[in-house]
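Data block below; observations after.
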Amino acid sequence: MQQTAPTPGKITLLPLRISPTLQGDDGTGVQTFKLALSKKRRPRLTVSVVPAADLENKRQPVVSSGPTYIPATRINPPANPPSNNATPQKPPPNHTENDDNDYDSDDATTLGSLEFSLLYEQENHALHCCIIKAKGLKPMDSNGLADPYVKLHLLPGASKSNKLRTKTLKNTLNPLWNETLIYHGITDDEMQRKTLRLSVSDEDKFGHNEFIGETRVALKKLKFDQKKNFNVCLERVIPVSEDSEERGRILISLTYNSQQSRLVVGVVRCAHLAAMDSNGYSDPFVKICLKPDMGKKAKNKTQIKKKTLNPEFNEEFSYEIKHAELAKKTLDVSVWDYDMGKSNDFIGGCQLGIQAKGESLKHWYECLKNKDKKIERWHVLLNDNTVQFED
């Protein structure tokens, strides 16, 4: 039988013989196929084919230019368009949670994909980011390869205080990291409003590192204490909104000792401090001050921790004060970078008290309400020009 050559821009329909062994026949003899007309899998065409006997009666095959939906059945487009003698593919298994994270992208063939998992531990206020691997990255070097690494960034937030990155893997377009990076001090409230940006770049020793692609995850999509896996296509650069005020975080404990009528303030640790020295680190220490009208005895400071952005202090300071007076007081907490022979650099601070807002107000209120109970909370350090912190 001589076949007519297809006309460009048109679809040529040829009679097909329906084998009685075809799977999925519902008794009507109608089979449905989805044909992918491009490598990017868009647009799609759905063709319904009826038996030759019905073709004689109806004289017209059923063709729909829009998608046809079949209840309770999910059919993915085949990798290659089926030929006349091809055996129809069985429908794939029901989709899992990971399928919801896969999506088509115009950049998929050029930028590559990234596989990772996220886990938020509510009790420890820690966000675990496991960077597993990337696949099919865009070549960036003259040898047709790349030296990729992944950088994490919480948005909105300061670029210096909350960026984490993996190690660099040399000469590969399919890097395997299996590296876990942890954000400490992430509150439940921040999980509802923060977005995690994951960007893949090529490291260049003799010039600027080159951006390959990125993806973003709204943290409110995560369920607490449940790991979620992602395998997504990288996208082109998206403008980053930088908030230059955030300078790190600090873990503070408050206890009111009713027997001794004393407020006990614990400086536990800091996380993701802004780097103030040329070596990329800081030499941090913490100062606390209970005001007003407390005099010199209100001021205390911790020891200095050398060359670190995540210092652990575990020091406590106490103030003799009546419980009723705490409602009138404010606790200033400030973090500084020690510089020998010159003035110290201010990193960031926060204020706890009745006049505070958000987590700072909540922490102070819980301390007043729960006597003799230690209450620990993470607080964001801000470089706020409207608040005066004394060196």
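Residue numbering restarts at 1 for every chain of the structure tokens, chains are lettered A, B, ... in their displayed order, and ligands are numbered from 1 as they appear.
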
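All residues of protein, DNA or RNA that reach within 9 Å of Ser253 of chain A, judged by only C-alpha atoms and not counting those fewer than 5 positions away in the chain, are Val264, Val265, Gly266, Val267, Val268, Glu316, His363, Lys374, Ile375, Glu376, Arg377 and Trp378 of chain A.
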
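Near Val286 of chain A, within 7 Å and counting only C-alpha atoms, sit Lys301, Thr302, Ser334, Val335 and Trp336 of chain A; same-chain residues fewer than 3 positions away were not included.
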
Secondary structure check, strand (DSSP E) residues of segment 157-343 of chain A, as a PyMOL selection string | chain A and resi 163-165+176-184+195-202+210-218+228-233+246-257+262-271+284-291+299-301+312-320+330-337

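Compared by their closest atoms to Ile186 of chain A, and using only C-alpha atoms, the residues A:Asn171, A:Asn229, A:Gln122, A:Ser282 rank with A:Gln122 nearest.
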
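With distances restricted to only C-alpha atoms, A:Asn209 is the closest residue to Asp141 of chain A from A:Asn209, A:Thr330, A:Ser318, A:Thr255.
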
Between A:Ile288, A:Leu331, A:Leu198, A:Met340, which is the closest to Leu164 of chain A once you count only C-alpha atoms?
-> A:Leu198

Taking the backbone alone, and naming residues the way the document does, which bits of segment 263-328 of chain A are helix (DSSP H, G or I) by DSSP, as a list in words?
-> Lys296, Lys297, Ala298, His323, Ala324, Glu325, Leu326, Ala327 and Lys328 of chain A

How would the residues just picked look written out with N, CA and C atoms as a PDB file, in the first residue's frame?
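Resulting contents of again16.pdb:
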ATOM      1  N   LYS A 296      26.271  49.715  87.059  1.00  0.00           N
ATOM      2  CA  LYS A 296      27.332  48.899  86.473  1.00  0.00           C
ATOM      3  C   LYS A 296      27.093  47.401  86.659  1.00  0.00           C
ATOM      4  N   LYS A 297      26.393  47.040  87.714  1.00  0.00           N
ATOM      5  CA  LYS A 297      26.168  45.612  87.968  1.00  0.00           C
ATOM      6  C   LYS A 297      25.252  44.984  86.918  1.00  0.00           C
ATOM      7  N   ALA A 298      24.658  45.814  86.078  1.00  0.00           N
ATOM      8  CA  ALA A 298      23.758  45.293  85.049  1.00  0.00           C
ATOM      9  C   ALA A 298      24.501  44.768  83.838  1.00  0.00           C
ATOM     10  N   HIS A 323      10.384  40.059  91.136  1.00  0.00           N
ATOM     11  CA  HIS A 323       9.645  39.569  89.974  1.00  0.00           C
ATOM     12  C   HIS A 323       8.762  40.646  89.360  1.00  0.00           C
ATOM     13  N   ALA A 324       8.129  41.454  90.202  1.00  0.00           N
ATOM     14  CA  ALA A 324       7.221  42.489  89.710  1.00  0.00           C
ATOM     15  C   ALA A 324       7.944  43.561  88.900  1.00  0.00           C
ATOM     16  N   GLU A 325       9.249  43.750  89.162  1.00  0.00           N
ATOM     17  CA  GLU A 325       9.999  44.793  88.459  1.00  0.00           C
ATOM     18  C   GLU A 325      10.435  44.373  87.057  1.00  0.00           C
ATOM     19  N   LEU A 326      10.387  43.083  86.769  1.00  0.00           N
ATOM     20  CA  LEU A 326      10.840  42.608  85.460  1.00  0.00           C
ATOM     21  C   LEU A 326       9.987  43.168  84.324  1.00  0.00           C
ATOM     22  N   ALA A 327       8.730  43.467  84.616  1.00  0.00           N
ATOM     23  CA  ALA A 327       7.848  43.991  83.577  1.00  0.00           C
ATOM     24  C   ALA A 327       8.286  45.368  83.101  1.00  0.00           C
ATOM     25  N   LYS A 328       9.130  46.039  83.896  1.00  0.00           N
ATOM     26  CA  LYS A 328       9.596  47.377  83.548  1.00  0.00           C
ATOM     27  C   LYS A 328      11.001  47.361  82.938  1.00  0.00           C
TER      28      LYS A 328
END
